[in-house]
$ cat model.cif   # mmCIF, C-alpha atoms
data_model
#
loop_
_atom_site.label_atom_id
_atom_site.label_comp_id
_atom_site.auth_asym_id
_atom_site.auth_seq_id
_atom_site.Cartn_x
_atom_site.Cartn_y
_atom_site.Cartn_z
CA MET Y 178 -11.04 18.57 -4.06
CA LYS Y 179 -11.94 18.60 -0.39
CA TYR Y 180 -9.42 16.95 1.97
CA VAL Y 181 -6.89 16.94 -0.86
CA ASP Y 182 -6.20 20.47 -2.14
CA GLU Y 183 -5.78 22.05 1.28
CA PHE Y 184 -3.02 19.53 2.02
CA ARG Y 185 -1.12 20.55 -1.14
CA ASP Y 186 -0.61 24.24 -0.33
CA GLY Y 187 2.87 25.11 -1.62
CA ARG Y 188 3.25 28.24 0.51
CA LEU Y 189 2.58 26.24 3.68
CA ALA Y 190 4.96 23.53 2.48
CA ARG Y 191 7.78 26.06 2.18
CA GLY Y 192 7.03 27.28 5.71
CA VAL Y 193 7.14 23.74 7.08
CA ALA Y 194 10.41 23.16 5.22
CA GLU Y 195 11.94 26.26 6.83
CA THR Y 196 11.00 24.90 10.23
CA LEU Y 197 12.63 21.59 9.29
CA HIS Y 198 15.87 23.37 8.41
CA ARG Y 199 15.76 25.09 11.79
CA LEU Y 200 15.09 21.81 13.61
CA ALA Y 201 17.79 19.77 11.82
CA ARG Y 202 20.84 19.42 14.03
CA PRO Y 203 24.02 19.83 12.03
CA ASP Y 204 25.83 17.21 14.13
CA ARG Y 205 23.66 14.29 13.04
CA THR Y 206 21.82 12.71 10.12
CA TYR Y 207 18.18 11.75 9.81
CA ARG Y 208 17.50 8.63 7.76
CA LEU Y 209 13.75 8.20 7.49
CA MET Y 210 12.08 5.33 5.69
CA GLU Y 211 8.71 5.92 4.10
CA PHE Y 212 7.28 2.42 4.17
CA CYS Y 213 4.43 3.02 1.71
CA GLY Y 214 4.78 3.25 -2.04
CA GLY Y 215 2.10 5.94 -1.91
CA HIS Y 216 4.44 8.10 0.12
CA THR Y 217 7.32 7.35 -2.27
CA HIS Y 218 5.10 8.57 -5.10
CA ALA Y 219 4.11 11.76 -3.22
CA ILE Y 220 7.73 12.51 -2.27
CA SER Y 221 8.87 12.24 -5.91
CA ARG Y 222 5.85 13.92 -7.43
CA TYR Y 223 6.02 17.01 -5.20
CA GLY Y 224 9.82 17.14 -4.99
CA LEU Y 225 9.71 16.94 -1.22
CA GLU Y 226 13.29 15.72 -0.97
CA ASP Y 227 14.43 19.05 -2.41
CA LEU Y 228 12.83 20.81 0.56
CA LEU Y 229 14.71 18.76 3.15
CA PRO Y 230 17.99 19.78 4.80
CA SER Y 231 21.02 18.01 3.36
CA ASN Y 232 21.47 15.79 6.42
CA MET Y 233 17.95 14.42 6.07
CA ARG Y 234 17.28 11.54 3.67
CA MET Y 235 14.17 9.63 2.72
CA ILE Y 236 14.73 5.91 2.17
CA HIS Y 237 12.12 4.17 0.06
CA GLY Y 238 10.63 1.11 1.75
CA PRO Y 239 8.97 -2.11 0.58
CA GLY Y 240 5.40 -0.87 0.95
CA CYS Y 241 4.21 -1.64 -2.56
CA PRO Y 242 2.52 -5.05 -2.75
CA VAL Y 243 3.14 -5.44 -6.46
CA CYS Y 244 6.85 -4.74 -5.93
CA VAL Y 245 7.34 -7.26 -3.12
CA LEU Y 246 5.52 -10.17 -4.74
CA PRO Y 247 8.16 -12.70 -5.80
CA VAL Y 248 8.41 -13.94 -9.37
CA GLY Y 249 7.34 -17.46 -8.35
CA ARG Y 250 3.90 -16.29 -7.27
CA ILE Y 251 3.33 -14.57 -10.64
CA ASP Y 252 4.41 -17.82 -12.33
CA MET Y 253 1.83 -19.68 -10.23
CA ALA Y 254 -0.90 -17.21 -11.24
CA ILE Y 255 -0.02 -17.64 -14.91
CA GLU Y 256 -0.14 -21.41 -14.51
CA LEU Y 257 -3.61 -21.11 -12.97
CA ALA Y 258 -4.82 -18.80 -15.70
CA ARG Y 259 -3.71 -21.24 -18.42
CA ARG Y 260 -5.85 -24.06 -17.04
CA PRO Y 261 -9.04 -24.88 -18.93
CA LYS Y 262 -12.22 -23.05 -17.95
CA VAL Y 263 -10.34 -20.72 -15.60
CA THR Y 264 -10.90 -16.96 -15.54
CA LEU Y 265 -8.25 -15.15 -13.51
CA CYS Y 266 -9.29 -11.74 -12.17
CA THR Y 267 -6.56 -9.33 -11.15
CA TYR Y 268 -5.90 -5.74 -10.17
CA ALA Y 269 -4.46 -4.00 -13.21
CA ASP Y 270 -0.99 -3.23 -11.81
CA LEU Y 271 -0.10 -6.92 -11.77
CA MET Y 272 -0.56 -7.36 -15.50
CA ARG Y 273 2.92 -6.28 -16.58
CA VAL Y 274 5.05 -7.60 -13.72
CA PRO Y 275 7.79 -9.73 -15.30
CA ALA Y 276 7.51 -13.45 -14.51
CA SER Y 277 9.98 -16.23 -15.34
CA GLY Y 278 11.22 -16.54 -18.91
CA GLY Y 279 9.99 -13.13 -19.99
CA ALA Y 280 6.36 -14.05 -19.29
CA SER Y 281 3.72 -11.82 -17.71
CA LEU Y 282 -0.02 -11.94 -17.15
CA MET Y 283 -0.37 -9.53 -20.07
CA LYS Y 284 1.49 -11.92 -22.40
CA ALA Y 285 -0.48 -14.91 -21.08
CA LYS Y 286 -3.67 -12.99 -21.87
CA ALA Y 287 -2.41 -12.26 -25.37
CA ASP Y 288 -1.70 -15.97 -25.74
CA GLY Y 289 -5.34 -16.72 -25.02
CA ALA Y 290 -5.59 -17.16 -21.24
CA ASP Y 291 -8.76 -15.62 -19.83
CA ILE Y 292 -7.32 -12.91 -17.59
CA ARG Y 293 -9.47 -9.93 -16.69
CA MET Y 294 -8.58 -6.73 -14.91
CA VAL Y 295 -10.97 -5.76 -12.13
CA TYR Y 296 -11.25 -2.67 -9.96
CA SER Y 297 -12.77 -4.45 -6.99
CA THR Y 298 -13.31 -7.94 -5.55
CA LEU Y 299 -17.00 -7.31 -6.13
CA ASP Y 300 -16.35 -7.22 -9.88
CA ALA Y 301 -14.83 -10.71 -9.64
CA ILE Y 302 -17.93 -11.91 -7.77
CA ARG Y 303 -20.15 -10.45 -10.51
CA ILE Y 304 -18.17 -12.31 -13.17
CA ALA Y 305 -18.52 -15.58 -11.21
CA GLU Y 306 -22.27 -15.04 -10.98
CA ALA Y 307 -22.64 -14.18 -14.63
CA GLU Y 308 -20.50 -17.07 -15.89
CA PRO Y 309 -21.28 -20.17 -13.79
CA ASP Y 310 -19.43 -22.45 -16.23
CA ARG Y 311 -16.10 -20.70 -15.57
CA GLU Y 312 -13.84 -21.17 -12.55
CA VAL Y 313 -13.34 -17.57 -11.46
CA ILE Y 314 -10.16 -17.03 -9.42
CA PHE Y 315 -9.35 -13.70 -7.82
CA PHE Y 316 -5.59 -13.01 -7.69
CA ALA Y 317 -5.61 -11.43 -4.22
CA ILE Y 318 -2.65 -9.23 -3.42
CA GLY Y 319 -1.96 -6.35 -1.10
CA PHE Y 320 -1.34 -5.30 2.48
CA GLU Y 321 -3.99 -4.88 5.16
CA THR Y 322 -5.93 -2.41 2.99
CA THR Y 323 -6.99 -4.86 0.30
CA THR Y 324 -7.40 -7.83 2.66
CA PRO Y 325 -10.84 -6.94 4.13
CA PRO Y 326 -12.33 -6.57 0.61
CA THR Y 327 -11.07 -10.07 -0.21
CA ALA Y 328 -12.60 -11.41 3.02
CA LEU Y 329 -15.94 -9.80 2.19
CA ALA Y 330 -15.88 -11.26 -1.32
CA ILE Y 331 -15.51 -14.76 0.13
CA LYS Y 332 -18.42 -14.14 2.50
CA LEU Y 333 -20.51 -12.82 -0.37
CA ALA Y 334 -19.67 -15.92 -2.43
CA ILE Y 335 -20.92 -18.09 0.46
CA LYS Y 336 -24.06 -16.00 0.86
CA ASN Y 337 -24.82 -16.18 -2.87
CA ARG Y 338 -23.96 -19.93 -2.97
CA LEU Y 339 -21.26 -19.45 -5.57
CA THR Y 340 -19.30 -22.66 -6.13
CA ASN Y 341 -17.11 -21.34 -8.96
CA PHE Y 342 -15.26 -18.60 -7.07
CA SER Y 343 -11.92 -18.89 -5.30
CA VAL Y 344 -9.01 -16.75 -4.19
CA PHE Y 345 -5.27 -17.08 -4.92
CA CYS Y 346 -4.17 -15.46 -1.68
CA ASN Y 347 -1.04 -13.30 -1.58
CA HIS Y 348 -1.99 -10.90 1.20
CA VAL Y 349 0.99 -9.73 3.22
CA LEU Y 350 1.42 -7.91 6.52
CA THR Y 351 3.07 -4.56 7.09
CA PRO Y 352 4.46 -4.95 10.65
CA ALA Y 353 6.24 -8.19 9.72
CA ALA Y 354 8.04 -6.42 6.86
CA MET Y 355 9.10 -3.58 9.16
CA ARG Y 356 10.49 -6.13 11.59
CA ALA Y 357 12.40 -7.86 8.80
CA ILE Y 358 13.94 -4.57 7.66
CA LEU Y 359 14.93 -3.52 11.17
CA GLY Y 360 16.41 -6.95 11.83
CA ASN Y 361 18.46 -6.85 8.64
CA ARG Y 362 21.57 -5.02 9.82
CA ALA Y 363 23.91 -6.96 7.56
CA GLU Y 364 23.35 -4.62 4.64
CA GLY Y 365 24.09 -1.49 6.59
CA VAL Y 366 20.65 0.01 6.07
CA GLU Y 367 20.39 2.28 9.04
CA ILE Y 368 16.96 3.75 9.67
CA ASP Y 369 16.24 6.35 12.32
CA GLY Y 370 12.46 6.35 11.99
CA PHE Y 371 9.49 5.45 9.83
CA VAL Y 372 6.83 7.46 8.05
CA GLY Y 373 4.11 4.89 8.75
CA PRO Y 374 1.51 3.67 6.23
CA SER Y 375 -1.67 5.71 5.80
CA HIS Y 376 -4.49 3.42 4.88
CA VAL Y 377 -2.99 0.21 6.22
CA SER Y 378 -3.12 2.03 9.56
CA ALA Y 379 -6.76 3.03 8.93
CA VAL Y 380 -7.41 -0.72 9.06
CA ILE Y 381 -4.97 -2.02 11.70
CA GLY Y 382 -4.59 1.08 13.91
CA LEU Y 383 -1.41 2.10 15.74
CA GLN Y 384 -0.86 -0.80 18.14
CA PRO Y 385 0.83 -3.18 15.64
CA TYR Y 386 3.78 -0.74 15.33
CA ARG Y 387 4.51 -0.67 19.08
CA PHE Y 388 7.37 -3.14 18.69
CA VAL Y 389 9.25 -0.68 16.49
CA ALA Y 390 9.41 1.70 19.44
CA ALA Y 391 9.57 -0.89 22.22
CA GLN Y 392 12.16 -3.26 20.73
CA PHE Y 393 14.09 -1.07 18.34
CA GLY Y 394 13.63 2.34 19.99
CA LYS Y 395 12.64 3.95 16.68
CA PRO Y 396 9.78 6.39 16.13
CA VAL Y 397 6.90 5.77 13.72
CA VAL Y 398 4.65 8.59 12.55
CA VAL Y 399 1.62 7.39 10.61
CA ALA Y 400 1.06 9.97 7.87
CA GLY Y 401 -1.42 10.87 5.16
CA PHE Y 402 -0.48 10.77 1.48
CA GLU Y 403 -0.61 14.48 0.64
CA PRO Y 404 2.63 16.50 0.58
CA LEU Y 405 1.84 18.55 3.70
CA ASP Y 406 1.01 15.33 5.54
CA VAL Y 407 4.40 13.87 4.68
CA LEU Y 408 6.25 17.07 5.64
CA GLN Y 409 4.43 17.33 8.95
CA ALA Y 410 5.27 13.69 9.67
CA VAL Y 411 8.94 14.43 8.99
CA VAL Y 412 8.79 17.35 11.45
CA MET Y 413 7.20 15.05 14.04
CA LEU Y 414 9.91 12.41 13.48
CA VAL Y 415 12.72 14.97 13.69
CA ARG Y 416 11.32 16.38 16.92
CA GLN Y 417 11.17 12.88 18.41
CA LEU Y 418 14.72 12.10 17.32
CA ASN Y 419 16.04 15.42 18.66
CA GLU Y 420 14.39 14.69 21.99
CA GLY Y 421 15.65 11.11 22.06
CA ARG Y 422 12.14 9.70 21.88
CA GLY Y 423 10.95 6.67 19.92
CA GLU Y 424 7.17 6.68 19.97
CA ILE Y 425 4.23 5.89 17.73
CA GLU Y 426 2.44 9.07 16.68
CA ASN Y 427 -0.46 9.71 14.35
CA GLN Y 428 -0.32 12.61 11.89
CA TYR Y 429 -3.29 11.25 9.93
CA GLY Y 430 -5.96 11.53 12.62
CA ARG Y 431 -8.59 12.53 10.09
CA ALA Y 432 -8.65 9.01 8.64
CA VAL Y 433 -6.80 6.79 11.14
CA ALA Y 434 -8.29 5.95 14.54
CA ALA Y 435 -5.85 4.61 17.15
CA GLU Y 436 -7.69 1.29 17.25
CA GLY Y 437 -8.09 1.13 13.45
CA ASN Y 438 -11.20 -0.25 11.75
CA LEU Y 439 -12.45 -2.95 14.14
CA LEU Y 440 -15.04 -4.23 11.68
CA ALA Y 441 -12.39 -4.75 8.99
CA GLN Y 442 -10.07 -6.45 11.50
CA ALA Y 443 -12.87 -8.85 12.49
CA GLU Y 444 -13.53 -9.74 8.84
CA MET Y 445 -9.83 -10.45 8.29
CA ARG Y 446 -9.56 -12.62 11.41
CA GLU Y 447 -12.64 -14.62 10.47
CA ILE Y 448 -11.40 -15.63 7.01
CA PHE Y 449 -7.59 -15.61 7.23
CA GLU Y 450 -4.82 -17.05 9.37
CA LEU Y 451 -1.06 -16.52 9.41
CA ARG Y 452 1.22 -18.40 7.05
CA GLU Y 453 4.29 -19.66 8.90
CA SER Y 454 6.47 -18.05 6.27
CA PHE Y 455 6.17 -16.24 2.95
CA GLU Y 456 8.70 -15.17 0.37
CA TRP Y 457 9.06 -11.45 -0.33
CA ARG Y 458 10.99 -10.01 -3.22
CA GLY Y 459 13.97 -8.31 -1.62
CA LEU Y 460 13.42 -9.64 1.88
CA GLY Y 461 13.41 -13.40 1.24
CA GLU Y 462 11.42 -15.68 3.53
CA VAL Y 463 9.76 -13.70 6.32
CA ALA Y 464 8.09 -15.54 9.20
CA ASP Y 465 4.44 -14.76 10.01
CA SER Y 466 4.34 -12.16 7.26
CA ALA Y 467 1.41 -13.28 5.11
CA LEU Y 468 -2.07 -14.71 5.26
CA ARG Y 469 -3.87 -17.75 3.92
CA LEU Y 470 -7.46 -18.87 4.10
CA ARG Y 471 -8.53 -20.76 7.20
CA ASP Y 472 -9.38 -24.47 6.81
CA ALA Y 473 -13.09 -23.69 7.07
CA TYR Y 474 -12.79 -21.77 3.81
CA ALA Y 475 -10.53 -24.26 1.99
CA ALA Y 476 -13.11 -24.58 -0.81
CA PHE Y 477 -12.37 -20.93 -1.69
CA ASP Y 478 -8.59 -21.31 -1.55
CA ALA Y 479 -7.34 -21.63 -5.13
CA GLU Y 480 -4.01 -23.10 -3.99
CA ARG Y 481 -5.79 -26.05 -2.37
CA ARG Y 482 -8.70 -26.30 -4.75
CA PHE Y 483 -6.42 -26.57 -7.79
CA ALA Y 484 -3.60 -28.42 -5.98
CA LEU Y 485 -1.24 -25.62 -6.99
CA ALA Y 486 2.37 -26.44 -6.19
CA ALA Y 487 4.57 -23.76 -4.66
CA HIS Y 488 6.93 -22.36 -7.23
CA ARG Y 489 10.18 -20.53 -6.68
CA ALA Y 490 12.01 -18.57 -9.31
CA LYS Y 491 15.03 -16.34 -9.51
CA ASP Y 492 14.86 -12.61 -10.20
CA ASN Y 493 16.66 -11.17 -13.19
CA PRO Y 494 20.24 -11.10 -11.80
CA ALA Y 495 20.91 -7.59 -13.12
CA CYS Y 496 17.76 -6.17 -11.49
CA GLU Y 497 18.29 -4.34 -8.19
CA CYS Y 498 14.62 -4.29 -7.12
CA GLY Y 499 15.45 -6.48 -4.12
CA ALA Y 500 18.10 -4.13 -2.72
CA ILE Y 501 15.95 -1.09 -3.53
CA LEU Y 502 13.01 -2.59 -1.63
CA ARG Y 503 15.24 -3.11 1.42
CA GLY Y 504 16.38 0.50 1.24
CA ALA Y 505 19.95 -0.68 0.56
CA LYS Y 506 20.15 0.89 -2.91
CA ARG Y 507 18.47 3.69 -4.82
CA PRO Y 508 16.95 3.39 -8.29
CA HIS Y 509 19.90 5.20 -9.91
CA ASP Y 510 22.24 2.56 -8.43
CA CYS Y 511 20.70 -0.04 -10.76
CA ARG Y 512 22.41 -0.26 -14.13
CA LEU Y 513 19.12 -1.25 -15.77
CA PHE Y 514 17.39 1.94 -14.53
CA GLY Y 515 16.45 4.17 -17.41
CA THR Y 516 18.47 2.10 -19.89
CA VAL Y 517 16.64 -1.12 -20.68
CA CYS Y 518 14.23 -0.71 -17.75
CA THR Y 519 11.57 1.97 -18.14
CA PRO Y 520 7.82 2.00 -17.40
CA GLU Y 521 7.23 0.99 -21.05
CA THR Y 522 9.60 -1.98 -20.81
CA PRO Y 523 9.91 -2.79 -17.12
CA MET Y 524 12.51 -5.38 -16.14
CA GLY Y 525 11.62 -5.36 -12.45
CA SER Y 526 8.57 -4.83 -10.28
CA CYS Y 527 9.72 -1.45 -8.88
CA MET Y 528 9.37 0.00 -12.39
CA VAL Y 529 5.96 -1.60 -13.06
CA SER Y 530 3.86 -0.31 -10.23
CA SER Y 531 3.27 3.45 -10.20
CA GLU Y 532 4.04 3.29 -6.47
CA GLY Y 533 7.37 1.58 -7.09
CA ALA Y 534 10.51 3.53 -6.21
CA CYS Y 535 11.92 3.22 -9.74
CA ALA Y 536 8.70 4.27 -11.48
CA ALA Y 537 8.39 7.30 -9.19
CA GLN Y 538 12.03 8.22 -9.82
CA TRP Y 539 11.66 7.76 -13.58
CA THR Y 540 8.41 9.71 -13.82
CA TYR Y 541 9.40 12.74 -11.78
CA ARG Y 542 13.17 12.87 -11.24
CA ARG Y 543 14.99 10.90 -13.90
CA PHE Y 544 17.06 13.89 -15.01
CA ASP Y 545 17.81 15.00 -11.47
CA GLU Y 546 21.54 14.65 -10.85
CA ARG Y 547 21.08 15.03 -7.10
CA ALA Y 548 18.98 11.88 -7.02
CA ALA Y 549 21.76 9.88 -8.65
CA MET C 47 -4.10 -0.39 -6.79
CA CYS C 48 -2.97 1.42 -3.65
CA LEU C 49 -4.62 4.64 -4.69
CA ALA C 50 -7.14 5.60 -2.04
CA ILE C 51 -9.03 8.85 -2.22
CA PRO C 52 -11.49 10.90 -0.15
CA VAL C 53 -14.96 10.83 -1.70
CA ARG C 54 -18.32 12.20 -0.56
CA VAL C 55 -21.27 9.90 0.12
CA THR C 56 -24.26 11.11 -1.88
CA GLU C 57 -26.73 8.26 -1.41
CA LEU C 58 -27.05 5.18 0.81
CA LEU C 59 -28.16 2.08 -1.10
CA PRO C 60 -29.37 -1.39 -0.02
CA ASP C 61 -26.93 -4.27 0.65
CA GLN C 62 -24.37 -2.00 2.35
CA MET C 63 -23.63 -0.12 -0.84
CA ALA C 64 -23.50 3.64 -1.37
CA LYS C 65 -23.20 6.12 -4.16
CA VAL C 66 -20.18 8.40 -3.83
CA SER C 67 -19.01 11.45 -5.71
CA LEU C 68 -15.53 12.69 -6.50
CA ASP C 69 -15.55 16.09 -8.16
CA GLY C 70 -18.81 15.18 -9.91
CA VAL C 71 -17.78 11.65 -10.91
CA SER C 72 -20.25 9.21 -9.40
CA LYS C 73 -19.56 5.61 -8.43
CA THR C 74 -21.31 2.86 -6.47
CA VAL C 75 -19.10 1.35 -3.76
CA SER C 76 -19.34 -0.98 -0.78
CA VAL C 77 -19.66 0.52 2.69
CA ALA C 78 -19.80 -2.86 4.43
CA LEU C 79 -16.63 -2.07 6.39
CA LEU C 80 -18.10 1.02 8.08
CA ASP C 81 -20.55 1.08 10.99
CA GLU C 82 -22.40 4.32 10.78
CA LEU C 83 -22.57 6.48 7.73
CA SER C 84 -24.66 9.44 6.60
CA VAL C 85 -25.11 11.22 3.32
CA GLY C 86 -22.53 14.03 3.18
CA ASP C 87 -19.84 12.08 5.03
CA TYR C 88 -16.42 11.81 3.39
CA VAL C 89 -14.82 8.36 3.27
CA ILE C 90 -11.49 6.95 2.10
CA LEU C 91 -12.26 4.82 -0.95
CA HIS C 92 -9.94 1.95 -1.78
CA VAL C 93 -10.50 -0.78 -4.42
CA GLY C 94 -14.26 -0.22 -4.31
CA PHE C 95 -14.60 -0.28 -0.53
CA ALA C 96 -14.92 2.60 1.93
CA LEU C 97 -12.11 1.94 4.44
CA SER C 98 -12.60 4.73 6.95
CA LYS C 99 -14.61 7.84 7.57
CA ILE C 100 -12.86 11.20 7.46
CA ASP C 101 -13.21 13.16 10.69
CA PRO C 102 -13.68 16.83 9.71
CA ASP C 103 -12.60 18.11 13.15
CA GLU C 104 -9.38 16.13 13.00
CA ALA C 105 -8.72 17.39 9.46
CA GLU C 106 -9.09 20.98 10.66
CA ARG C 107 -6.88 20.26 13.69
CA THR C 108 -4.15 18.84 11.44
CA LEU C 109 -4.28 21.89 9.17
CA ARG C 110 -4.02 24.19 12.19
CA MET C 111 -0.95 22.29 13.38
CA ILE C 112 0.63 22.50 9.92
CA ARG C 113 -0.06 26.25 9.81
CA ASP C 114 1.55 26.57 13.26
CA ILE C 115 4.64 24.67 12.10
CA ALA C 116 4.86 26.77 8.94
CA GLY C 117 4.26 29.96 10.90
CA SER C 118 6.93 29.16 13.46
CA ALA C 119 9.52 29.32 10.69
CA SER C 120 9.16 33.07 10.25
#
$ encode --input "model.cif" --output "structure tokens"
Amino acid sequence: MKYVDEFRDGRLARGVAETLHRLARPDRTYRLMEFCGGHTHAISRYGLEDLLPSNMRMIHGPGCPVCVLPVGRIDMAIELARRPKVTLCTYADLMRVPASGGASLMKAKADGADIRMVYSTLDAIRIAEAEPDREVIFFAIGFETTTPPTALAIKLAIKNRLTNFSVFCNHVLTPAAMRAILGNRAEGVEIDGFVGPSHVSAVIGLQPYRFVAAQFGKPVVVAGFEPLDVLQAVVMLVRQLNEGRGEIENQYGRAVAAEGNLLAQAEMREIFELRESFEWRGLGEVADSALRLRDAYAAFDAERRFALAAHRAKDNPACECGAILRGAKRPHDCRLFGTVCTPETPMGSCMVSSEGACAAQWTYRRFDERAA
Amino acid sequence: MCLAIPVRVTELLPDQMAKVSLDGVSKTVSVALLDELSVGDYVILHVGFALSKIDPDEAERTLRMIRDIAGSAS
């Protein structure tokens, strides 16, 4: 596959790893957080951690939107879906995320709620067009990558004069989460640098990460999702750290322009505005970290249209997803991991999503003692 | 959901849609988020939308840099 296979060359990867061993200074450690769940998946799948020197550690970050969505928001979606004449459209990974009281969208669907898995916002629009008697609600979730498609769906609904389409908005923002993690020193999560998100950056560009360097003096290297991309990004981070630099660099120039996708940014700005605060699983309330629809589009905002009350709920107390998402614990530190919590019977969100740290660990490294 | 993959544009369609191919699998996607696009371009496809165009020169440059890093080990 073009632009994929050439970035998976094992011989080159071993060469890059040798360079990393040469670059690693024995007198220090390198704690690098990969923000994106996609990177977490690549690191586990290709065993990249095994190639790193022993004083270099990858810390899994909160960059999986399914993982960071709090239980209360899933409860709200289920409540919406159970209302009469409502069809709730959702990306498939949300279906099995545990909600309060052992519920999930999957169970609500089995109980008779009309919940449909869609691949794209355009599929939800098609359903709304085909079934004018139903209230079609798109359960919008994701970082800056899935936000422009939601914005375009709302514009398409206006253009096609759809009055039975709305959006339950749960879009969250990457830079705000990075700020929350860097500001959270209480847990002793020390991070020396970030492997920055790939496709989020294709949308927002490099500028939004400047504060990481300017305020916290840490480097960010935006990296592609293939194994050689990740390894090269680690080399770039290690070089910066060795030279005492904290800058924003772009390893993924083939898909990420410095200014990002201006068209997508304009679409996002037109439809959405900042929420003052939003709850994240693992991070708690984070200021200016999520989006809602602007007043002009209130008719398409399911929370307002259906007078949906905010709902808060507690996580399973034994589940360590929160600490894992903050980088404070690893999957093996959770006593549910691999015992009652597996991808078949997930207890927490990190095991549900294939990009979750626990799912990646379970799928590729569950028997690996070194990962424990 | 977060899976995003490079696909090749095989046909431009009306209403800012395009047909793309991934190893022979064909799919119709939205290209409304991209300015200029030609048949043969590679794009990053994410939840049914093309998010960015792949720059072939930059891809080659990255590979050269990776080869240099790997080569400098020996």
$ resolve_selection --input "model.cif" --expression "the PyMOL selection byres ((chain Y) within 8 of (chain C))" --output "PyMOL selection string"
chain Y and resi 178-181+184+189-196+199+215+241+268-270+296-299+322-323+325-326+376+379-380+405+409+428-433+438+440-441+532
$ write_last_selection --input "model.cif" --atoms "C-alpha atoms" --output "PDB file, in the coordinates of the input"
ATOM      1  CA  MET Y 178     -11.040  18.570  -4.060  1.00  0.00           C
ATOM      2  CA  LYS Y 179     -11.940  18.600  -0.390  1.00  0.00           C
ATOM      3  CA  TYR Y 180      -9.420  16.950   1.970  1.00  0.00           C
ATOM      4  CA  VAL Y 181      -6.890  16.940  -0.860  1.00  0.00           C
ATOM      5  CA  PHE Y 184      -3.020  19.530   2.020  1.00  0.00           C
ATOM      6  CA  LEU Y 189       2.580  26.240   3.680  1.00  0.00           C
ATOM      7  CA  ALA Y 190       4.960  23.530   2.480  1.00  0.00           C
ATOM      8  CA  ARG Y 191       7.780  26.060   2.180  1.00  0.00           C
ATOM      9  CA  GLY Y 192       7.030  27.280   5.710  1.00  0.00           C
ATOM     10  CA  VAL Y 193       7.140  23.740   7.080  1.00  0.00           C
ATOM     11  CA  ALA Y 194      10.410  23.160   5.220  1.00  0.00           C
ATOM     12  CA  GLU Y 195      11.940  26.260   6.830  1.00  0.00           C
ATOM     13  CA  THR Y 196      11.000  24.900  10.230  1.00  0.00           C
ATOM     14  CA  ARG Y 199      15.760  25.090  11.790  1.00  0.00           C
ATOM     15  CA  GLY Y 215       2.100   5.940  -1.910  1.00  0.00           C
ATOM     16  CA  CYS Y 241       4.210  -1.640  -2.560  1.00  0.00           C
ATOM     17  CA  TYR Y 268      -5.900  -5.740 -10.170  1.00  0.00           C
ATOM     18  CA  ALA Y 269      -4.460  -4.000 -13.210  1.00  0.00           C
ATOM     19  CA  ASP Y 270      -0.990  -3.230 -11.810  1.00  0.00           C
ATOM     20  CA  TYR Y 296     -11.250  -2.670  -9.960  1.00  0.00           C
ATOM     21  CA  SER Y 297     -12.770  -4.450  -6.990  1.00  0.00           C
ATOM     22  CA  THR Y 298     -13.310  -7.940  -5.550  1.00  0.00           C
ATOM     23  CA  LEU Y 299     -17.000  -7.310  -6.130  1.00  0.00           C
ATOM     24  CA  THR Y 322      -5.930  -2.410   2.990  1.00  0.00           C
ATOM     25  CA  THR Y 323      -6.990  -4.860   0.300  1.00  0.00           C
ATOM     26  CA  PRO Y 325     -10.840  -6.940   4.130  1.00  0.00           C
ATOM     27  CA  PRO Y 326     -12.330  -6.570   0.610  1.00  0.00           C
ATOM     28  CA  HIS Y 376      -4.490   3.420   4.880  1.00  0.00           C
ATOM     29  CA  ALA Y 379      -6.760   3.030   8.930  1.00  0.00           C
ATOM     30  CA  VAL Y 380      -7.410  -0.720   9.060  1.00  0.00           C
ATOM     31  CA  LEU Y 405       1.840  18.550   3.700  1.00  0.00           C
ATOM     32  CA  GLN Y 409       4.430  17.330   8.950  1.00  0.00           C
ATOM     33  CA  GLN Y 428      -0.320  12.610  11.890  1.00  0.00           C
ATOM     34  CA  TYR Y 429      -3.290  11.250   9.930  1.00  0.00           C
ATOM     35  CA  GLY Y 430      -5.960  11.530  12.620  1.00  0.00           C
ATOM     36  CA  ARG Y 431      -8.590  12.530  10.090  1.00  0.00           C
ATOM     37  CA  ALA Y 432      -8.650   9.010   8.640  1.00  0.00           C
ATOM     38  CA  VAL Y 433      -6.800   6.790  11.140  1.00  0.00           C
ATOM     39  CA  ASN Y 438     -11.200  -0.250  11.750  1.00  0.00           C
ATOM     40  CA  LEU Y 440     -15.040  -4.230  11.680  1.00  0.00           C
ATOM     41  CA  ALA Y 441     -12.390  -4.750   8.990  1.00  0.00           C
ATOM     42  CA  GLU Y 532       4.040   3.290  -6.470  1.00  0.00           C
TER      43      GLU Y 532
END
$ axis_aligned_box --input "model.cif" --around "region 49-52 of chain C" --padding-each-side "3 Å" --output "JSON"
{"center_x": -8.1, "center_y": 7.8, "center_z": -2.4, "size_x": 12.9, "size_y": 12.3, "size_z": 10.5}
$ atom_distance --input "model.cif" --atom1 "CA of Arg416 (chain Y)" --atom2 "CA of Leu197 (chain Y)"
9.3 Å
$ residues_around --input "model.cif" --residues "Leu83 (chain C)" --least-positions-apart "5" --cutoff "9 Å" --atoms "only C-alpha atoms" --output "PyMOL selection string"
chain C and resi 55+58+77+99
$ write_last_selection --input "model.cif" --atoms "C-alpha atoms" --output "compact mmCIF listing (two decimals), in the frame of the given file"
# COMPACT_ATOMS: atom_id res chain seq x y z
CA VAL C 55 -21.27 9.90 0.12
CA LEU C 58 -27.05 5.18 0.81
CA VAL C 77 -19.66 0.52 2.69
CA LYS C 99 -14.61 7.84 7.57
$ atom_distance --input "model.cif" --atom1 "CA of Ser343 (chain Y)" --atom2 "CA of Met445 (chain Y)"
16.1 Å
